[in-house]
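To be precise, the following lines are protein-v9.txt, and they hold compact mmCIF, C-alpha atoms.
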# COMPACT_ATOMS: atom_id res chain seq x y z
CA MET X 1 84.24 154.97 148.19
CA ILE X 2 86.43 155.10 151.29
CA HIS X 3 87.19 151.87 153.15
CA VAL X 4 89.83 150.69 155.61
CA ASP X 5 92.99 148.92 154.49
CA LEU X 6 94.56 146.79 157.25
CA ARG X 7 97.49 145.90 154.99
CA SER X 8 98.76 149.46 155.29
CA LEU X 9 99.48 148.79 158.98
CA THR X 10 100.86 145.25 158.69
CA GLN X 11 103.26 145.62 155.76
CA PRO X 12 106.92 146.46 156.62
CA VAL X 13 106.66 150.14 155.61
CA GLY X 14 103.48 150.58 157.68
CA ILE X 15 105.13 148.98 160.73
CA MET X 16 108.11 151.31 160.39
CA ARG X 17 105.82 154.34 160.14
CA ALA X 18 104.00 153.25 163.30
CA MET X 19 107.35 152.80 165.08
CA ALA X 20 108.48 156.24 163.89
CA THR X 21 105.28 157.83 165.19
CA ILE X 22 105.77 156.27 168.64
CA LEU X 23 109.50 157.04 168.86
CA THR X 24 109.20 160.68 167.78
CA CYS X 25 106.36 161.13 170.29
CA MET X 26 108.65 159.71 172.98
CA CYS X 27 111.40 162.15 171.98
CA PHE X 28 109.44 165.37 172.32
CA SER X 29 107.68 164.04 175.44
CA LEU X 30 111.01 163.36 177.18
CA VAL X 31 112.38 166.77 176.20
CA ALA X 32 109.16 168.61 177.08
CA ALA X 33 109.23 166.99 180.54
CA VAL X 34 112.56 168.70 181.25
CA GLY X 35 111.30 172.17 180.31
CA HIS X 36 111.78 174.83 177.68
CA VAL X 37 115.24 176.05 176.68
CA LEU X 38 115.74 179.43 175.01
CA SER X 39 117.71 178.19 172.03
CA SER X 40 117.01 177.97 168.31
CA TYR X 41 118.71 174.56 168.28
CA TRP X 42 116.36 173.28 170.99
CA ALA X 43 113.40 174.65 169.01
CA TRP X 44 114.69 172.94 165.86
CA CYS X 45 114.94 169.56 167.61
CA MET X 46 111.44 169.88 169.08
CA PHE X 47 110.05 170.98 165.72
CA THR X 48 111.73 168.00 164.04
CA TRP X 49 110.19 165.43 166.37
CA CYS X 50 106.73 167.06 166.34
CA PHE X 51 106.79 167.48 162.55
CA CYS X 52 107.86 163.88 161.94
CA CYS X 53 105.36 162.49 164.46
CA PHE X 54 102.46 164.45 162.99
CA PHE X 55 103.13 163.54 159.36
CA SER X 56 103.94 159.90 160.10
CA LEU X 57 100.61 159.60 161.92
CA LEU X 58 98.82 161.49 159.14
CA ILE X 59 100.27 159.17 156.48
CA LEU X 60 99.19 156.12 158.50
CA ILE X 61 95.63 157.46 158.84
CA LEU X 62 95.33 158.43 155.17
CA GLU X 63 96.58 155.05 153.99
CA PHE X 64 94.47 153.12 156.51
CA THR X 65 91.31 154.92 155.38
CA THR X 66 92.45 154.79 151.68
CA VAL X 67 91.98 158.57 151.43
CA SER X 68 95.51 158.65 150.01
CA THR X 69 94.22 157.13 146.76
CA LYS X 70 91.90 160.14 146.23
CA LEU X 71 94.59 162.82 146.53
CA PRO X 72 95.54 164.79 143.38
CA PHE X 73 99.29 164.10 143.52
CA ALA X 74 101.67 161.13 143.43
CA TRP X 75 101.20 159.66 146.90
CA ASP X 76 104.14 157.22 146.75
CA ASP X 77 106.38 160.09 145.65
CA PHE X 78 105.23 162.20 148.60
CA THR X 79 105.73 159.45 151.20
CA ALA X 80 109.17 158.54 149.81
CA ALA X 81 110.19 162.21 149.91
CA PHE X 82 108.86 162.65 153.45
CA ALA X 83 110.79 159.60 154.67
CA MET X 84 114.01 161.03 153.22
CA LEU X 85 113.36 164.48 154.70
CA ALA X 86 112.47 163.00 158.10
CA CYS X 87 115.64 160.90 157.98
CA LEU X 88 117.77 164.02 157.41
CA MET X 89 115.94 166.04 160.06
CA CYS X 90 116.25 163.28 162.68
CA LEU X 91 119.94 162.87 161.85
CA ALA X 92 120.49 166.59 162.45
CA ALA X 93 118.45 166.52 165.69
CA SER X 94 120.31 163.40 166.88
CA ILE X 95 123.62 165.24 166.48
CA ILE X 96 122.52 168.67 167.74
CA TYR X 97 120.56 167.67 170.84
CA PRO X 98 123.18 165.49 172.61
CA THR X 99 125.92 167.94 171.62
CA PHE X 100 124.30 170.94 173.31
CA PHE X 101 121.70 169.70 175.79
CA THR X 102 122.83 166.46 177.46
CA CYS X 103 125.05 165.83 180.46
CA ALA X 104 126.14 162.85 182.55
CA ALA X 105 123.38 163.53 185.11
CA CYS X 106 120.56 164.21 182.61
CA PRO X 107 118.59 160.94 182.17
CA HIS X 108 115.68 162.50 180.26
CA GLN X 109 118.00 164.24 177.80
CA ILE X 110 120.13 161.12 177.31
CA GLY X 111 117.00 159.05 176.74
CA ALA X 112 115.71 161.55 174.18
CA ALA X 113 119.06 161.48 172.35
CA VAL X 114 119.08 157.66 172.21
CA VAL X 115 115.47 157.49 171.01
CA SER X 116 116.21 160.17 168.41
CA TRP X 117 118.95 157.99 166.93
CA ALA X 118 116.42 155.14 166.86
CA CYS X 119 114.05 157.45 164.94
CA PHE X 120 116.80 158.12 162.42
CA GLY X 121 117.36 154.38 162.01
CA VAL X 122 113.64 153.72 161.45
CA TYR X 123 113.31 156.48 158.85
CA ALA X 124 116.51 155.28 157.14
CA GLY X 125 114.94 151.82 156.97
CA GLU X 126 111.79 153.30 155.45
CA VAL X 127 113.88 155.13 152.84
CA ALA X 128 115.62 151.84 151.97
CA LEU X 129 112.28 150.02 151.65
CA THR X 130 110.67 152.71 149.48
CA HIS X 131 113.65 152.76 147.12
CA LEU X 132 113.57 148.97 146.78
CA ARG X 133 110.21 149.19 145.00
CA PRO X 134 110.17 147.94 141.40
CA ARG X 135 111.23 150.58 138.90
CA GLY X 136 108.27 152.68 137.80
CA GLN X 137 106.25 152.47 141.02
CA THR X 138 107.79 155.68 142.35
CA ASN X 139 108.06 158.13 139.48
CA GLY X 140 107.31 161.59 140.88
CA PHE X 141 109.59 164.62 141.01
CA LEU X 142 110.64 164.20 144.64
CA SER X 143 111.91 160.67 143.97
CA THR X 144 114.24 161.85 141.20
CA LEU X 145 117.75 163.16 141.79
CA PRO X 146 116.77 166.82 141.04
CA GLY X 147 113.91 166.51 143.54
CA ILE X 148 116.17 164.99 146.18
CA LEU X 149 118.73 167.77 145.65
CA LYS X 150 115.99 170.41 145.96
CA MET X 151 114.91 168.92 149.30
CA LEU X 152 118.53 168.86 150.46
CA GLU X 153 118.94 172.53 149.49
CA THR X 154 115.91 173.55 151.55
CA PHE X 155 117.01 171.35 154.46
CA LEU X 156 120.48 172.93 154.61
CA ALA X 157 118.89 176.39 154.37
CA CYS X 158 116.73 175.52 157.40
CA LEU X 159 119.89 174.62 159.36
CA ILE X 160 121.36 177.99 158.35
CA PHE X 161 118.25 179.84 159.54
CA THR X 162 118.37 177.90 162.82
CA SER X 163 121.93 179.13 163.41
CA LEU X 164 121.27 182.76 162.48
CA GLU X 165 120.76 185.46 165.12
CA SER X 166 119.65 188.97 164.23
CA ASN X 167 122.56 190.60 166.09
CA GLN X 168 124.97 188.69 163.84
CA TYR X 169 124.11 190.56 160.67
CA VAL X 170 122.37 193.81 161.70
CA GLY X 171 124.51 196.76 160.67
CA SER X 172 126.58 194.80 158.15
CA SER X 173 125.56 195.08 154.51
CA GLY X 174 127.76 192.12 153.55
CA LEU X 175 126.09 189.78 156.04
CA GLN X 176 122.64 191.13 155.17
CA TRP X 177 123.34 190.20 151.55
CA CYS X 178 124.17 186.66 152.69
CA VAL X 179 120.90 186.41 154.63
CA ALA X 180 119.05 187.65 151.55
CA VAL X 181 120.76 184.92 149.49
CA TYR X 182 119.71 182.21 151.97
CA SER X 183 116.14 183.51 152.08
CA LEU X 184 115.59 184.01 148.34
CA CYS X 185 117.09 180.67 147.37
CA PHE X 186 115.03 178.90 150.05
CA ILE X 187 111.78 180.52 148.86
CA PHE X 188 112.37 179.73 145.19
CA ALA X 189 113.41 176.14 145.97
CA ILE X 190 110.14 175.64 147.88
CA VAL X 191 108.17 177.14 144.96
CA ILE X 192 109.87 174.78 142.50
CA ILE X 193 109.12 171.78 144.72
CA LEU X 194 105.45 172.76 145.05
CA LEU X 195 104.99 173.45 141.31
CA SER X 196 106.70 170.20 140.35
CA THR X 197 104.90 168.07 142.93
CA GLY X 198 101.52 169.59 142.06
CA GLN X 199 102.24 169.00 138.35
CA PHE X 200 101.67 172.67 137.50
CA THR X 201 104.80 172.95 135.33
CA SER X 202 102.87 172.08 132.17
CA PHE X 203 100.92 175.34 132.45
CA PHE X 204 104.04 177.43 131.79
CA PRO X 205 104.28 178.78 128.21
CA PHE X 206 108.01 177.95 128.15
CA SER X 207 110.31 175.16 129.26
CA PHE X 208 110.09 174.95 133.06
CA ASP X 209 113.21 172.72 133.15
CA LYS X 210 115.29 175.43 131.47
CA LEU X 211 113.91 178.02 133.89
CA VAL X 212 115.04 175.81 136.78
CA ILE X 213 118.51 175.58 135.23
CA VAL X 214 118.74 179.38 135.08
CA TYR X 215 117.63 179.55 138.73
CA ASN X 216 120.19 176.91 139.76
CA ILE X 217 123.01 178.83 138.06
CA LEU X 218 121.97 182.08 139.76
CA ALA X 219 121.58 180.35 143.14
CA ALA X 220 125.01 178.73 142.88
CA ALA X 221 126.56 182.10 141.94
CA MET X 222 124.79 183.84 144.85
CA TYR X 223 125.95 181.16 147.27
CA MET X 224 129.49 181.59 145.97
CA THR X 225 129.37 185.23 147.01
CA ALA X 226 128.02 184.18 150.42
CA ILE X 227 130.92 181.72 150.84
CA VAL X 228 133.29 184.68 150.53
CA LEU X 229 131.32 187.38 152.35
CA TRP X 230 129.98 185.47 155.38
CA PRO X 231 133.33 184.38 156.87
CA LEU X 232 134.97 187.63 155.73
CA TYR X 233 132.51 189.85 157.62
CA SER X 234 131.67 187.53 160.53
CA LEU X 235 134.94 185.74 161.38
CA HIS X 236 137.68 188.13 160.23
CA ASN X 237 139.46 189.50 163.34
CA ASN X 238 136.82 187.73 165.43
CA THR X 239 138.44 184.86 167.33
CA ARG X 240 136.50 182.46 169.54
CA PRO X 241 136.02 183.95 173.04
CA SER X 242 137.87 182.14 175.80
CA ASN X 243 134.69 181.83 177.89
CA CYS X 244 132.67 180.49 174.96
CA GLY X 245 130.89 177.31 176.08
CA HIS X 246 127.90 175.40 174.72
CA LEU X 247 125.46 177.37 172.55
CA CYS X 248 128.13 179.96 171.89
CA ALA X 249 127.16 182.59 169.31
CA TRP X 250 130.61 182.34 167.69
CA ASP X 251 130.11 178.62 167.01
CA LYS X 252 126.91 179.44 165.14
CA LEU X 253 128.90 181.67 162.79
CA VAL X 254 131.08 178.67 161.94
CA VAL X 255 128.02 176.45 161.44
CA VAL X 256 126.54 178.96 158.99
CA THR X 257 129.87 179.05 157.12
CA PHE X 258 130.01 175.27 156.70
CA MET X 259 126.32 174.99 155.78
CA THR X 260 126.84 177.71 153.15
CA ILE X 261 129.70 175.73 151.60
CA LEU X 262 127.65 172.52 151.62
CA ASN X 263 124.65 174.20 150.01
CA PHE X 264 126.86 175.75 147.32
CA ILE X 265 128.13 172.26 146.50
CA VAL X 266 124.57 170.92 146.33
CA TYR X 267 123.42 173.76 144.06
CA THR X 268 126.43 173.19 141.82
CA LEU X 269 125.66 169.47 141.55
CA ASP X 270 122.01 170.30 140.88
CA THR X 271 123.03 172.67 138.08
CA VAL X 272 125.43 170.21 136.44
CA TYR X 273 122.93 167.34 136.57
CA SER X 274 120.05 169.49 135.29
CA VAL X 275 122.11 170.77 132.35
CA ARG X 276 123.13 167.23 131.49
CA LEU X 277 119.54 166.00 131.80
CA VAL X 278 117.95 168.75 129.69
CA PHE X 279 120.56 169.50 127.02
CA PHE X 280 122.37 166.19 126.58
CA SER X 281 120.05 163.33 127.58
CA ASN X 282 117.25 164.73 125.38
CA ASN X 283 119.58 164.74 122.35
CA GLU X 284 120.63 161.11 122.70
Represent the supplied structure as structure tokens.
Amino acid sequence: MIHVDLRSLTQPVGIMRAMATILTCMCFSLVAAVGHVLSSYWAWCMFTWCFCCFFSLLILILEFTTVSTKLPFAWDDFTAAFAMLACLMCLAASIIYPTFFTCAACPHQIGAAVVSWACFGVYAGEVALTHLRPRGQTNGFLSTLPGILKMLETFLACLIFTSLESNQYVGSSGLQWCVAVYSLCFIFAIVIILLSTGQFTSFFPFSFDKLVIVYNILAAAMYMTAIVLWPLYSLHNNTRPSNCGHLCAWDKLVVVTFMTILNFIVYTLDTVYSVRLVFFSNNE
């Protein structure tokens, strides 16, 4: 039977979620009041604040009405994972938005940037609180190191997609291969997260953990090729234009390069940890 739980709103985590809902709503309201900007970075920031506001409010409602206890997955695992993802997304938005869209005479934009940093602080506090729970209370996939690394891989891929423009890679087979690498690895990482969170891995007639290791090795190898090919085809003999200001297309090429390197490192760490977990920890 469904009933209301006032404790969900008065405990520290509930208060932080309510603050996050209000602050993210303030962010996209301030930015929306200024008007639309034709930029993928602007769209990313707006998506971040809307996404975080919606899910923070949804989590509050589901916990207040105790519907969360009826859901067929580990609720604490989901909320801990969302807080970490929202923390990363707000951090990225807090860096991107003031870098590209604020000025000394832009009060709405400055206000949105300041509030966005406050959102990051609130979500970081929620992450700290959820990871201070007694051991065993949060035991789902997304709260483990492999789950956290999978979320980080998808997050970095989203930043890559945000920086991509079709005219950057059309007509270049090398760059098209890199885009295919980003897309395939992103899709399979999402599938692994969904299968693990939904506890569908037990239905596989073989070891799902070993399948994930094979995927991680292939993804790391594919990202290694992208590390070489992306800067080779996009930046070789292509210096930064002298009239290149904010939102310059050349800068996005550099962003994609650095995000590719970071994601390769994350996939490599994921592979090493998964191999250690499956082949060595099980034999101890």
- Message: Between CA of Thr257 in chain X and CA of Trp230 in chain X, what is the distance in Å, rounded to a tenth?
- Response: 6.7 Å
Proximity check range 30-101 of chain X to range 153-162 of chain X, 7 Å, nearest pairs one decimal Å, all atoms listed in the file, as CSV:
residue,atom,partner,partner_atom,distance
X:Ser40,CA,X:Thr162,CA,5.7
X:Tyr41,CA,X:Thr162,CA,6.4
X:Trp44,CA,X:Thr162,CA,6.9
- Pick the closest to Tyr223 in chain X from X:Phe258, X:Pro98, X:Val181, X:Asp209: which is it, counting only C-alpha atoms? X:Val181
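Of the listed residues X:Gly174, X:Pro205, X:Pro241, X:Pro107, the one whose atoms come nearest to Ile227 in chain X is X:Gly174, with distances taken using only C-alpha atoms.
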Interface rows for range 36-69 of chain X against range 112-119 of chain X: nearest pair, Å to one decimal, 12 Å, only C-alpha atoms, as a Markdown table:
| residue | atom | partner | partner_atom | distance |
| --- | --- | --- | --- | --- |
| X:Cys45 | CA | X:Ser116 | CA | 9.5 |
| X:Met46 | CA | X:Ala112 | CA | 10.7 |
| X:Thr48 | CA | X:Ser116 | CA | 10.0 |
| X:Trp49 | CA | X:Ser116 | CA | 8.3 |
| X:Cys50 | CA | X:Ser116 | CA | 11.9 |
| X:Cys52 | CA | X:Cys119 | CA | 9.4 |
| X:Cys53 | CA | X:Cys119 | CA | 10.1 |
| X:Ser56 | CA | X:Cys119 | CA | 11.5 |
- Task: Name the closest residue to Leu129 in chain X among the candidates X:Ile193, X:Val13, X:Val179, X:Leu164; distances are taken between atoms, counting all atoms listed in the file.
- Result: X:Val13
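Counting all atoms listed in the file, the residue from X:Leu152, X:Ile217, X:Gln176, X:Phe64 that sits nearest to Met259 in chain X is X:Leu152.
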- Pick out the residues sitting within 10 Å of Ala219 in chain X, and hand them over as a PyMOL selection string; count only C-alpha atoms, and ignore anything fewer than 5 positions along from it in its own chain. chain X and resi 181-182+184-186+188-189+213-214+224-225+263-264+267-268+271
- Nearest to Ser234 in chain X, chosen from X:Gln109, X:Asn167, X:Ser29, X:Thr21, with all atoms listed in the file counted in the distances: X:Asn167
- How many Å lie between CA of Ser242 in chain X and CA of Val254 in chain X, rounded to one decimal?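 Computed distance, CA of Ser242 in chain X to CA of Val254 in chain X, equals 15.8 Å.
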- Message: Could you list, as a ChimeraX atom specification, every residue within 9 Å of range 71-86 of chain X, counting all atoms listed in the file and ignoring same-chain residues fewer than 2 positions away?
- Response: /X:48-49,51-52,55-56,59,67-69,88-91,119-120,123-124,126-127,130-131,137-143,147-148,151-152,155,197-199
- Message: I need the residue nearest Cys248 in chain X from this list: X:Tyr233, X:Phe54, X:Phe100, X:Phe279. Use only C-alpha atoms for the distance.
- Response: X:Phe100
